[in-house]
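work04.cif follows (mmCIF, C-alpha atoms):
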data_query
#
loop_
_atom_site.label_atom_id
_atom_site.label_comp_id
_atom_site.auth_asym_id
_atom_site.auth_seq_id
_atom_site.Cartn_x
_atom_site.Cartn_y
_atom_site.Cartn_z
CA MET A 1 -24.06 -94.13 -20.31
CA ALA A 2 -20.92 -96.27 -20.76
CA SER A 3 -22.64 -98.42 -23.39
CA PRO A 4 -23.86 -98.27 -27.01
CA CYS A 5 -27.03 -96.17 -27.28
CA GLU A 6 -29.53 -95.88 -30.11
CA VAL A 7 -32.98 -94.53 -30.93
CA LEU A 8 -35.00 -96.24 -33.65
CA MET A 9 -37.87 -94.28 -35.20
CA GLN A 10 -40.68 -95.33 -37.52
CA ILE A 11 -40.51 -92.28 -39.79
CA ASP A 12 -39.23 -91.38 -43.23
CA ASP A 13 -38.83 -87.63 -42.64
CA GLU A 14 -35.11 -87.03 -42.07
CA HIS A 15 -35.65 -83.50 -40.68
CA ILE A 16 -38.04 -84.70 -37.96
CA ALA A 17 -35.82 -87.71 -37.27
CA MET A 18 -32.86 -85.40 -36.59
CA GLN A 19 -35.00 -83.25 -34.28
CA MET A 20 -35.97 -86.35 -32.33
CA LEU A 21 -32.38 -87.54 -32.17
CA ASN A 22 -31.20 -84.18 -30.85
CA VAL A 23 -33.84 -84.24 -28.10
CA ALA A 24 -32.71 -87.74 -27.12
CA VAL A 25 -29.01 -86.84 -27.06
CA ASP A 26 -29.56 -83.65 -25.09
CA GLU A 27 -31.64 -85.37 -22.41
CA ALA A 28 -29.30 -88.34 -22.07
CA ARG A 29 -26.31 -86.01 -21.80
CA ARG A 30 -28.10 -83.86 -19.21
CA ILE A 31 -28.79 -86.82 -16.96
CA GLU A 32 -25.28 -88.21 -17.29
CA GLN A 33 -23.71 -84.84 -16.53
CA LYS A 34 -25.96 -84.40 -13.49
CA TYR A 35 -25.73 -87.85 -11.91
CA SER A 36 -22.53 -89.56 -13.06
CA ARG A 37 -20.30 -90.38 -10.08
CA PHE A 38 -17.26 -89.95 -12.32
CA LEU A 39 -17.79 -86.21 -12.91
CA LYS A 40 -16.57 -83.59 -10.49
CA GLY A 41 -18.83 -80.75 -9.36
CA ASN A 42 -22.26 -82.17 -10.18
CA ILE A 43 -25.00 -82.71 -7.61
CA LEU A 44 -23.87 -86.26 -6.86
CA TRP A 45 -20.29 -85.07 -6.30
CA GLN A 46 -21.60 -82.36 -3.95
CA ILE A 47 -23.57 -84.93 -1.95
CA ASN A 48 -20.67 -87.37 -1.74
CA ASN A 49 -18.23 -84.66 -0.66
CA ALA A 50 -20.47 -82.84 1.84
CA GLN A 51 -18.74 -84.51 4.83
CA GLY A 52 -21.93 -84.68 6.85
CA ASN A 53 -23.24 -81.22 5.97
CA ALA A 54 -26.72 -80.69 4.49
CA VAL A 55 -26.91 -80.35 0.70
CA ASN A 56 -29.63 -78.55 -1.24
CA ILE A 57 -31.31 -80.83 -3.79
CA ASP A 58 -33.90 -80.24 -6.50
CA GLN A 59 -37.18 -82.05 -7.12
CA GLU A 60 -35.72 -84.46 -9.66
CA THR A 61 -33.01 -85.60 -7.26
CA ALA A 62 -35.55 -85.94 -4.45
CA GLN A 63 -37.72 -88.16 -6.68
CA LEU A 64 -34.76 -90.39 -7.53
CA LEU A 65 -33.99 -90.68 -3.83
CA GLN A 66 -37.60 -91.59 -3.09
CA PHE A 67 -37.51 -94.31 -5.75
CA SER A 68 -34.17 -95.56 -4.38
CA GLN A 69 -35.72 -95.69 -0.92
CA GLN A 70 -38.60 -97.79 -2.28
CA CYS A 71 -36.09 -100.15 -3.91
CA TYR A 72 -34.23 -100.44 -0.61
CA GLN A 73 -37.37 -101.19 1.35
CA LEU A 74 -38.90 -103.61 -1.19
CA SER A 75 -35.64 -105.55 -1.48
CA GLY A 76 -35.18 -105.84 2.27
CA GLY A 77 -32.04 -103.73 2.07
CA SER A 78 -30.28 -105.60 -0.73
CA PHE A 79 -30.88 -102.88 -3.38
CA ASP A 80 -28.90 -100.03 -1.86
CA ILE A 81 -27.50 -96.99 -3.67
CA THR A 82 -25.10 -96.37 -0.75
CA ALA A 83 -23.11 -99.52 -1.61
CA GLY A 84 -20.39 -97.45 -3.32
CA PRO A 85 -17.65 -98.23 -0.74
CA LEU A 86 -18.14 -101.94 -1.43
CA ILE A 87 -18.31 -101.49 -5.19
CA ASN A 88 -15.03 -99.57 -5.07
CA LEU A 89 -13.35 -102.53 -3.34
CA TRP A 90 -14.35 -105.05 -5.98
CA ARG A 91 -12.36 -104.16 -9.09
CA PHE A 92 -13.25 -105.83 -12.37
CA ASP A 93 -10.29 -104.41 -14.25
CA GLY A 94 -8.31 -107.59 -14.86
CA SER A 95 -6.52 -107.58 -11.50
CA ASN A 96 -8.68 -110.50 -10.26
CA GLN A 97 -8.19 -109.64 -6.59
CA VAL A 98 -10.65 -110.65 -3.87
CA PRO A 99 -10.69 -107.83 -1.26
CA LYS A 100 -9.42 -108.55 2.23
CA GLU A 101 -12.10 -109.43 4.76
CA GLY A 102 -11.05 -106.54 7.01
CA ALA A 103 -11.51 -104.05 4.14
CA ILE A 104 -14.96 -105.45 3.41
CA LYS A 105 -16.00 -105.14 7.07
CA SER A 106 -14.79 -101.52 7.14
CA ALA A 107 -16.72 -100.71 3.96
CA LEU A 108 -19.88 -102.32 5.32
CA ARG A 109 -19.90 -99.75 8.13
CA LEU A 110 -20.36 -97.04 5.47
CA VAL A 111 -23.31 -98.73 3.75
CA GLY A 112 -27.00 -98.39 4.63
CA PHE A 113 -29.66 -96.23 3.01
CA SER A 114 -31.51 -95.93 6.32
CA ALA A 115 -28.73 -93.61 7.56
CA ILE A 116 -29.72 -90.96 4.98
CA GLY A 117 -32.21 -88.23 5.76
CA PHE A 118 -33.82 -86.20 2.99
CA THR A 119 -36.76 -83.96 2.15
CA ASP A 120 -37.88 -82.46 -1.14
CA SER A 121 -35.14 -79.86 -0.88
CA LYS A 122 -32.34 -81.10 1.41
CA LEU A 123 -30.26 -84.20 2.04
CA ASN A 124 -28.16 -85.17 5.06
CA MET A 125 -25.75 -88.09 4.89
CA PRO A 126 -23.07 -89.17 7.36
CA ALA A 127 -19.51 -88.27 6.40
CA SER A 128 -17.61 -90.84 4.30
CA MET A 129 -20.80 -92.41 2.94
CA SER A 130 -21.52 -92.06 -0.78
CA LEU A 131 -24.35 -92.46 -3.25
CA ASP A 132 -24.23 -94.10 -6.67
CA PHE A 133 -27.23 -93.89 -9.01
CA GLY A 134 -25.62 -96.37 -11.41
CA GLY A 135 -28.20 -99.03 -10.58
CA ILE A 136 -31.11 -96.91 -11.82
CA GLY A 137 -29.55 -94.06 -13.81
CA LYS A 138 -29.50 -95.60 -17.27
CA GLU A 139 -33.05 -96.88 -16.94
CA TYR A 140 -34.17 -93.46 -15.73
CA ALA A 141 -32.50 -91.84 -18.75
CA VAL A 142 -34.27 -94.27 -21.10
CA ASP A 143 -37.65 -93.41 -19.60
CA ARG A 144 -36.99 -89.67 -19.68
CA VAL A 145 -35.95 -89.75 -23.34
CA ALA A 146 -38.92 -91.95 -24.23
CA GLN A 147 -41.28 -89.61 -22.37
CA GLN A 148 -39.98 -86.49 -24.11
CA LEU A 149 -40.17 -88.06 -27.56
CA SER A 150 -43.68 -89.41 -27.06
CA GLN A 151 -44.93 -86.08 -25.70
CA ARG A 152 -43.59 -84.10 -28.66
CA TRP A 153 -44.28 -86.71 -31.34
CA PRO A 154 -47.15 -88.84 -29.97
CA ASN A 155 -47.89 -90.50 -33.31
CA ILE A 156 -44.37 -91.69 -34.10
CA SER A 157 -43.27 -95.07 -32.73
CA VAL A 158 -39.75 -95.13 -31.29
CA MET A 159 -37.53 -97.60 -29.50
CA VAL A 160 -35.03 -96.06 -27.07
CA ASN A 161 -32.18 -98.50 -26.41
CA PHE A 162 -29.37 -97.57 -24.02
CA GLY A 163 -27.10 -100.55 -23.58
CA GLY A 164 -29.93 -103.07 -23.80
CA ASP A 165 -32.31 -101.17 -21.52
CA ILE A 166 -35.27 -100.37 -23.75
CA ALA A 167 -38.48 -98.34 -23.80
CA CYS A 168 -41.14 -98.22 -26.52
CA PRO A 169 -43.57 -95.51 -25.38
CA VAL A 170 -45.82 -95.34 -28.47
CA LEU A 171 -47.72 -98.40 -29.71
CA LYS A 172 -46.20 -100.06 -32.78
CA VAL A 173 -48.75 -102.52 -34.15
CA ASP A 174 -46.26 -104.92 -35.70
CA GLY A 175 -43.84 -104.44 -32.82
CA TRP A 176 -40.09 -103.98 -32.45
CA GLN A 177 -37.96 -107.09 -32.66
CA VAL A 178 -35.55 -107.31 -29.72
CA GLY A 179 -32.90 -109.97 -29.19
CA ILE A 180 -31.86 -111.18 -25.72
CA GLU A 181 -28.12 -111.78 -25.57
CA ASN A 182 -26.86 -115.30 -25.03
CA PRO A 183 -24.59 -115.14 -21.94
CA GLN A 184 -22.77 -118.23 -23.16
CA LYS A 185 -22.09 -116.65 -26.55
CA LEU A 186 -21.90 -112.87 -26.19
CA ASP A 187 -23.10 -110.61 -29.02
CA ASN A 188 -25.45 -113.36 -30.17
CA ALA A 189 -29.18 -113.60 -29.45
CA ALA A 190 -30.49 -116.57 -27.49
CA ALA A 191 -34.12 -115.45 -27.83
CA GLN A 192 -36.16 -112.84 -29.65
CA LEU A 193 -39.05 -110.78 -28.29
CA THR A 194 -41.63 -108.60 -30.00
CA ILE A 195 -42.34 -105.40 -28.06
CA ARG A 196 -45.32 -103.34 -29.20
CA GLN A 197 -45.32 -100.98 -26.22
CA GLY A 198 -43.62 -100.98 -22.82
CA ALA A 199 -40.08 -101.52 -21.63
CA LEU A 200 -37.38 -104.09 -21.04
CA ALA A 201 -34.28 -104.16 -18.84
CA THR A 202 -31.49 -106.67 -18.33
CA SER A 203 -29.17 -107.15 -15.36
CA GLY A 204 -26.30 -109.59 -15.37
CA THR A 205 -22.66 -110.39 -14.82
CA THR A 206 -21.76 -111.78 -18.23
CA ARG A 207 -19.32 -108.97 -19.02
CA ARG A 208 -18.03 -107.97 -15.58
CA TYR A 209 -16.71 -110.83 -13.49
CA PHE A 210 -13.53 -112.69 -12.62
CA GLU A 211 -12.63 -116.16 -11.41
CA VAL A 212 -10.23 -117.11 -8.61
CA ASP A 213 -9.64 -120.74 -7.58
CA SER A 214 -12.61 -121.84 -9.72
CA VAL A 215 -14.94 -119.41 -7.94
CA ARG A 216 -16.80 -116.93 -10.14
CA TYR A 217 -17.21 -113.40 -8.73
CA GLY A 218 -19.78 -111.23 -10.52
CA HIS A 219 -19.98 -107.44 -10.25
CA ILE A 220 -23.39 -107.33 -8.51
CA ILE A 221 -22.54 -106.99 -4.82
CA ASN A 222 -24.78 -107.92 -1.91
CA PRO A 223 -24.56 -104.83 0.35
CA GLN A 224 -25.50 -106.89 3.36
CA THR A 225 -22.60 -109.35 3.07
CA GLY A 226 -20.08 -107.26 1.14
CA TYR A 227 -19.53 -110.06 -1.38
CA PRO A 228 -20.90 -110.76 -4.87
CA VAL A 229 -24.32 -112.39 -4.82
CA ASP A 230 -24.09 -116.14 -4.27
CA LYS A 231 -25.66 -118.38 -6.94
CA ALA A 232 -26.74 -115.37 -9.02
CA PRO A 233 -27.98 -115.96 -12.58
CA LEU A 234 -25.76 -114.96 -15.51
CA SER A 235 -28.48 -112.56 -16.64
CA VAL A 236 -32.07 -111.58 -15.95
CA THR A 237 -34.33 -109.80 -18.44
CA VAL A 238 -37.67 -108.34 -17.34
CA LEU A 239 -40.50 -106.71 -19.30
CA GLY A 240 -42.35 -103.92 -17.53
CA PRO A 241 -44.49 -100.82 -18.00
CA ASN A 242 -41.40 -98.58 -17.92
CA CYS A 243 -37.67 -99.12 -17.94
CA ILE A 244 -36.89 -98.07 -14.39
CA THR A 245 -39.43 -100.56 -12.99
CA ALA A 246 -38.12 -103.34 -15.23
CA GLY A 247 -34.58 -102.48 -14.16
CA MET A 248 -35.51 -102.49 -10.48
CA LEU A 249 -37.06 -105.96 -10.81
CA SER A 250 -34.19 -107.41 -12.86
CA THR A 251 -31.62 -106.15 -10.35
CA MET A 252 -33.66 -107.37 -7.39
CA ALA A 253 -33.93 -110.76 -9.07
CA MET A 254 -30.14 -110.92 -9.47
CA LEU A 255 -29.78 -110.09 -5.78
CA LYS A 256 -32.09 -113.01 -4.90
CA GLY A 257 -29.45 -115.44 -6.20
CA ALA A 258 -30.83 -118.97 -6.32
CA ASP A 259 -34.39 -117.69 -5.82
CA SER A 260 -34.40 -115.29 -8.80
CA GLU A 261 -37.01 -117.21 -10.74
CA GLY A 262 -39.32 -117.59 -7.76
CA PHE A 263 -39.10 -113.88 -6.99
CA LEU A 264 -39.97 -112.87 -10.56
CA ALA A 265 -42.79 -115.40 -10.85
CA ALA A 266 -44.41 -113.72 -7.85
CA GLN A 267 -44.24 -110.29 -9.53
CA ASN A 268 -46.58 -111.21 -12.39
CA VAL A 269 -44.17 -110.02 -15.11
CA ASP A 270 -42.69 -111.62 -18.20
CA PHE A 271 -39.02 -112.52 -17.74
CA LYS A 272 -36.12 -114.61 -18.96
CA VAL A 273 -33.36 -115.93 -16.70
CA PHE A 274 -30.09 -117.46 -17.88
CA ARG A 275 -27.84 -119.47 -15.58
#

With the file now loaded, output its structure as structure tokens.
Amino acid sequence: MASPCEVLMQIDDEHIAMQMLNVAVDEARRIEQKYSRFLKGNILWQINNAQGNAVNIDQETAQLLQFSQQCYQLSGGSFDITAGPLINLWRFDGSNQVPKEGAIKSALRLVGFSAIGFTDSKLNMPASMSLDFGGIGKEYAVDRVAQQLSQRWPNISVMVNFGGDIACPVLKVDGWQVGIENPQKLDNAAAQLTIRQGALATSGTTRRYFEVDSVRYGHIINPQTGYPVDKAPLSVTVLGPNCITAGMLSTMAMLKGADSEGFLAAQNVDFKVFR
């Protein structure tokens, strides 16, 4: 998951706690192995290397594609899992290089979820396009782990936390205390929330950005322009019924730039925006 992960459990039985931890690790590892774009041979690699040929997909992959399609449609095309060619141009590795305009225009021709065709069992995608589930994968893993733990141990409160994306599937009366990171002072909390049940997700550019000529370029790219989102917040945190919904809304809010707060206010959710 490329981030610190933890599972907190309200239990004093070490044997059961280890069983729960093993379930969590196995499920998180399964999802990462299946959908990481950095691993060769998995279903995502097969899709991205099909060169226009149809690829067989399973029900889980079809469901993720359906959710990604909803994100694309609800965001007016700004939340797009085909934005990989653009993401690959913008390197946040210390090189601090703004891609050439010609390279961005070329990459834009390979971006657009509407070019994909899929059913419950097959996917067709034009050659040279690519998918990246990075925008929803970690949140999906959080929800899957939370679901499995709550189904097997419905009376034990847990908090699943993968890199700050959190789910608390079983009611905890006194709640879990969760800190929201201060983007101006990383690794320190700017606010504290009490979560009794539900989920939380944060999107932001506080750790992946660079500056050139006093212009700040964050890692969240607008797939319609090819450039980082203009006037984006430093971070957006959203509370929701599950982690993948909270993550969708926090990312969409980042993509709204200057209108992040207005967008979230219209969604009837609790949120915190830092600029």

- Message: Could you tell me, as a ChimeraX atom specification, exactly which residues end up selected when the PyMOL selection byres ((chain A and resi 118) around 12) is applied to this structure?
- Response: /A:47,54-59,61-66,68-69,113-117,119-126

Please save C-alpha atoms of the selected residues as a PDB file, keeping the file's coordinate frame.
ATOM      1  CA  ILE A  47     -23.570 -84.930  -1.950  1.00  0.00           C
ATOM      2  CA  ALA A  54     -26.720 -80.690   4.490  1.00  0.00           C
ATOM      3  CA  VAL A  55     -26.910 -80.350   0.700  1.00  0.00           C
ATOM      4  CA  ASN A  56     -29.630 -78.550  -1.240  1.00  0.00           C
ATOM      5  CA  ILE A  57     -31.310 -80.830  -3.790  1.00  0.00           C
ATOM      6  CA  ASP A  58     -33.900 -80.240  -6.500  1.00  0.00           C
ATOM      7  CA  GLN A  59     -37.180 -82.050  -7.120  1.00  0.00           C
ATOM      8  CA  THR A  61     -33.010 -85.600  -7.260  1.00  0.00           C
ATOM      9  CA  ALA A  62     -35.550 -85.940  -4.450  1.00  0.00           C
ATOM     10  CA  GLN A  63     -37.720 -88.160  -6.680  1.00  0.00           C
ATOM     11  CA  LEU A  64     -34.760 -90.390  -7.530  1.00  0.00           C
ATOM     12  CA  LEU A  65     -33.990 -90.680  -3.830  1.00  0.00           C
ATOM     13  CA  GLN A  66     -37.600 -91.590  -3.090  1.00  0.00           C
ATOM     14  CA  SER A  68     -34.170 -95.560  -4.380  1.00  0.00           C
ATOM     15  CA  GLN A  69     -35.720 -95.690  -0.920  1.00  0.00           C
ATOM     16  CA  PHE A 113     -29.660 -96.230   3.010  1.00  0.00           C
ATOM     17  CA  SER A 114     -31.510 -95.930   6.320  1.00  0.00           C
ATOM     18  CA  ALA A 115     -28.730 -93.610   7.560  1.00  0.00           C
ATOM     19  CA  ILE A 116     -29.720 -90.960   4.980  1.00  0.00           C
ATOM     20  CA  GLY A 117     -32.210 -88.230   5.760  1.00  0.00           C
ATOM     21  CA  THR A 119     -36.760 -83.960   2.150  1.00  0.00           C
ATOM     22  CA  ASP A 120     -37.880 -82.460  -1.140  1.00  0.00           C
ATOM     23  CA  SER A 121     -35.140 -79.860  -0.880  1.00  0.00           C
ATOM     24  CA  LYS A 122     -32.340 -81.100   1.410  1.00  0.00           C
ATOM     25  CA  LEU A 123     -30.260 -84.200   2.040  1.00  0.00           C
ATOM     26  CA  ASN A 124     -28.160 -85.170   5.060  1.00  0.00           C
ATOM     27  CA  MET A 125     -25.750 -88.090   4.890  1.00  0.00           C
ATOM     28  CA  PRO A 126     -23.070 -89.170   7.360  1.00  0.00           C
TER      29      PRO A 126
END

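Nearest-residue note for A:Gln147: choosing from A:Val173, A:Ala167, A:Ile220, A:Ala201, the minimum distance belongs to A:Ala167, counting only C-alpha atoms.
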
- Report as a VMD selection string the residues that result from applying the PyMOL selection byres ((chain A and resi 235-240) around 10) to the structure here. chain A and resid 164 to 167 180 to 183 193 195 197 to 206 232 to 234 241 to 254 260 to 261 264 268 to 275

Please tabulate, as a Markdown table, the residues of stretch 98-184 of chain A that come within 10 Å of stretch 4-26 of chain A, each with its closest pair of atoms and the distance in Å to one decimal, counting all atoms listed in the file and ordering rows by chain, then residue number upward.
| residue | atom | partner | partner_atom | distance |
| --- | --- | --- | --- | --- |
| A:Ala141 | CA | A:Ala24 | CA | 9.3 |
| A:Val142 | CA | A:Ala24 | CA | 9.0 |
| A:Arg144 | CA | A:Ala24 | CA | 8.8 |
| A:Val145 | CA | A:Ala24 | CA | 5.4 |
| A:Ala146 | CA | A:Ala24 | CA | 8.0 |
| A:Gln147 | CA | A:Ala24 | CA | 10.0 |
| A:Gln148 | CA | A:Val23 | CA | 7.7 |
| A:Leu149 | CA | A:Met20 | CA | 6.6 |
| A:Ser150 | CA | A:Met20 | CA | 9.8 |
| A:Arg152 | CA | A:Met20 | CA | 8.8 |
| A:Trp153 | CA | A:Met20 | CA | 8.4 |
| A:Asn155 | CA | A:Gln10 | CA | 9.6 |
| A:Ile156 | CA | A:Gln10 | CA | 6.2 |
| A:Ser157 | CA | A:Gln10 | CA | 5.5 |
| A:Val158 | CA | A:Met9 | CA | 4.4 |
| A:Met159 | CA | A:Leu8 | CA | 5.0 |
| A:Val160 | CA | A:Val7 | CA | 4.6 |
| A:Asn161 | CA | A:Glu6 | CA | 5.3 |
| A:Phe162 | CA | A:Cys5 | CA | 4.3 |
| A:Gly163 | CA | A:Pro4 | CA | 5.2 |
| A:Gly164 | CA | A:Cys5 | CA | 8.3 |
| A:Asp165 | CA | A:Cys5 | CA | 9.3 |
| A:Ile166 | CA | A:Val7 | CA | 9.5 |
| A:Ala167 | CA | A:Val7 | CA | 9.8 |
| A:Cys168 | CA | A:Leu8 | CA | 9.6 |
| A:Lys172 | CA | A:Gln10 | CA | 8.7 |
| A:Trp176 | CA | A:Leu8 | CA | 9.3 |

Save out the residues we just selected, C-alpha atoms, as a JSON list (two decimals), in the coordinates of the input.
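Generated file (selection_25.json):
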[["chain", "number", "residue", "atom", "x", "y", "z"],
["A", 141, "ALA", "CA", -32.50, -91.84, -18.75],
["A", 142, "VAL", "CA", -34.27, -94.27, -21.10],
["A", 144, "ARG", "CA", -36.99, -89.67, -19.68],
["A", 145, "VAL", "CA", -35.95, -89.75, -23.34],
["A", 146, "ALA", "CA", -38.92, -91.95, -24.23],
["A", 147, "GLN", "CA", -41.28, -89.61, -22.37],
["A", 148, "GLN", "CA", -39.98, -86.49, -24.11],
["A", 149, "LEU", "CA", -40.17, -88.06, -27.56],
["A", 150, "SER", "CA", -43.68, -89.41, -27.06],
["A", 152, "ARG", "CA", -43.59, -84.10, -28.66],
["A", 153, "TRP", "CA", -44.28, -86.71, -31.34],
["A", 155, "ASN", "CA", -47.89, -90.50, -33.31],
["A", 156, "ILE", "CA", -44.37, -91.69, -34.10],
["A", 157, "SER", "CA", -43.27, -95.07, -32.73],
["A", 158, "VAL", "CA", -39.75, -95.13, -31.29],
["A", 159, "MET", "CA", -37.53, -97.60, -29.50],
["A", 160, "VAL", "CA", -35.03, -96.06, -27.07],
["A", 161, "ASN", "CA", -32.18, -98.50, -26.41],
["A", 162, "PHE", "CA", -29.37, -97.57, -24.02],
["A", 163, "GLY", "CA", -27.10, -100.55, -23.58],
["A", 164, "GLY", "CA", -29.93, -103.07, -23.80],
["A", 165, "ASP", "CA", -32.31, -101.17, -21.52],
["A", 166, "ILE", "CA", -35.27, -100.37, -23.75],
["A", 167, "ALA", "CA", -38.48, -98.34, -23.80],
["A", 168, "CYS", "CA", -41.14, -98.22, -26.52],
["A", 172, "LYS", "CA", -46.20, -100.06, -32.78],
["A", 176, "TRP", "CA", -40.09, -103.98, -32.45]]

- For the point (-29.7, -94.3, -18.0) in the file's frame, write as a PyMOL selection string all residues with an atom no more than 8 Å away, counting all atoms listed in the file. chain A and resi 1+28+31-32+136-142+162

Using only C-alpha atoms, please write the residues we just selected to a file, as a tab-separated table (two decimals), keeping the file's coordinate frame.
chain	number	residue	atom	x	y	z
A	1	MET	CA	-24.06	-94.13	-20.31
A	28	ALA	CA	-29.30	-88.34	-22.07
A	31	ILE	CA	-28.79	-86.82	-16.96
A	32	GLU	CA	-25.28	-88.21	-17.29
A	136	ILE	CA	-31.11	-96.91	-11.82
A	137	GLY	CA	-29.55	-94.06	-13.81
A	138	LYS	CA	-29.50	-95.60	-17.27
A	139	GLU	CA	-33.05	-96.88	-16.94
A	140	TYR	CA	-34.17	-93.46	-15.73
A	141	ALA	CA	-32.50	-91.84	-18.75
A	142	VAL	CA	-34.27	-94.27	-21.10
A	162	PHE	CA	-29.37	-97.57	-24.02

Hey, which bits of stretch 21-58 of chain A sit within 12 Å of stretch 76-96 of chain A, and for each residue what's the closest pair of atoms and how far apart in Å (one decimal), counting only C-alpha atoms, rows by chain and increasing number, as a tab-separated table?
residue	atom	partner	partner_atom	distance
A:Arg37	CA	A:Gly84	CA	9.8
A:Leu44	CA	A:Ile81	CA	11.8
A:Ile47	CA	A:Thr82	CA	11.6
A:Asn48	CA	A:Thr82	CA	10.1

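Non-sequential neighbours of A:Lys231 (distance at most 7 Å, separation of 2 or more positions within a chain, all atoms listed in the file) are Val229, Pro233, Gly257 and Ala258 of chain A.
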
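Nearest to A:Val215 of all the residues A:Val98, A:Gln46, A:Gly135, A:Gly175 is A:Val98, based on all atoms listed in the file.
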
- Task: Record the distance separating atom CA of A:Asp259 and atom CA of A:Cys71, expressed in Å with one decimal.
- Result: 17.7 Å

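Nearest-residue note for A:His219: choosing from A:Ala103, A:Leu255, A:Ala265, A:Ala127, the minimum distance belongs to A:Leu255, counting all atoms listed in the file.
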
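Once the PyMOL selection byres ((chain A and resi 45) around 12) is applied to the shown structure, the selection contains Gln33, Lys34, Tyr35, Ser36, Arg37, Phe38, Leu39, Lys40, Gly41, Asn42, Ile43, Leu44, Gln46, Ile47, Asn48, Asn49, Ala50, Gln51, Val55, Met129, Ser130, Leu131, Asp132 and Phe133 of chain A.
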
- Find the residue from A:Leu74, A:Ala191, A:Ile104, A:Val178 that sits nearest to A:Ile221; use only C-alpha atoms when measuring. A:Ile104

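Distance-wise, atom CA of A:Pro154 and atom CA of A:Glu27 end up 17.6 Å apart.
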
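Atom CA of A:Gln97 lies 23.7 Å from atom CA of A:Gln184.
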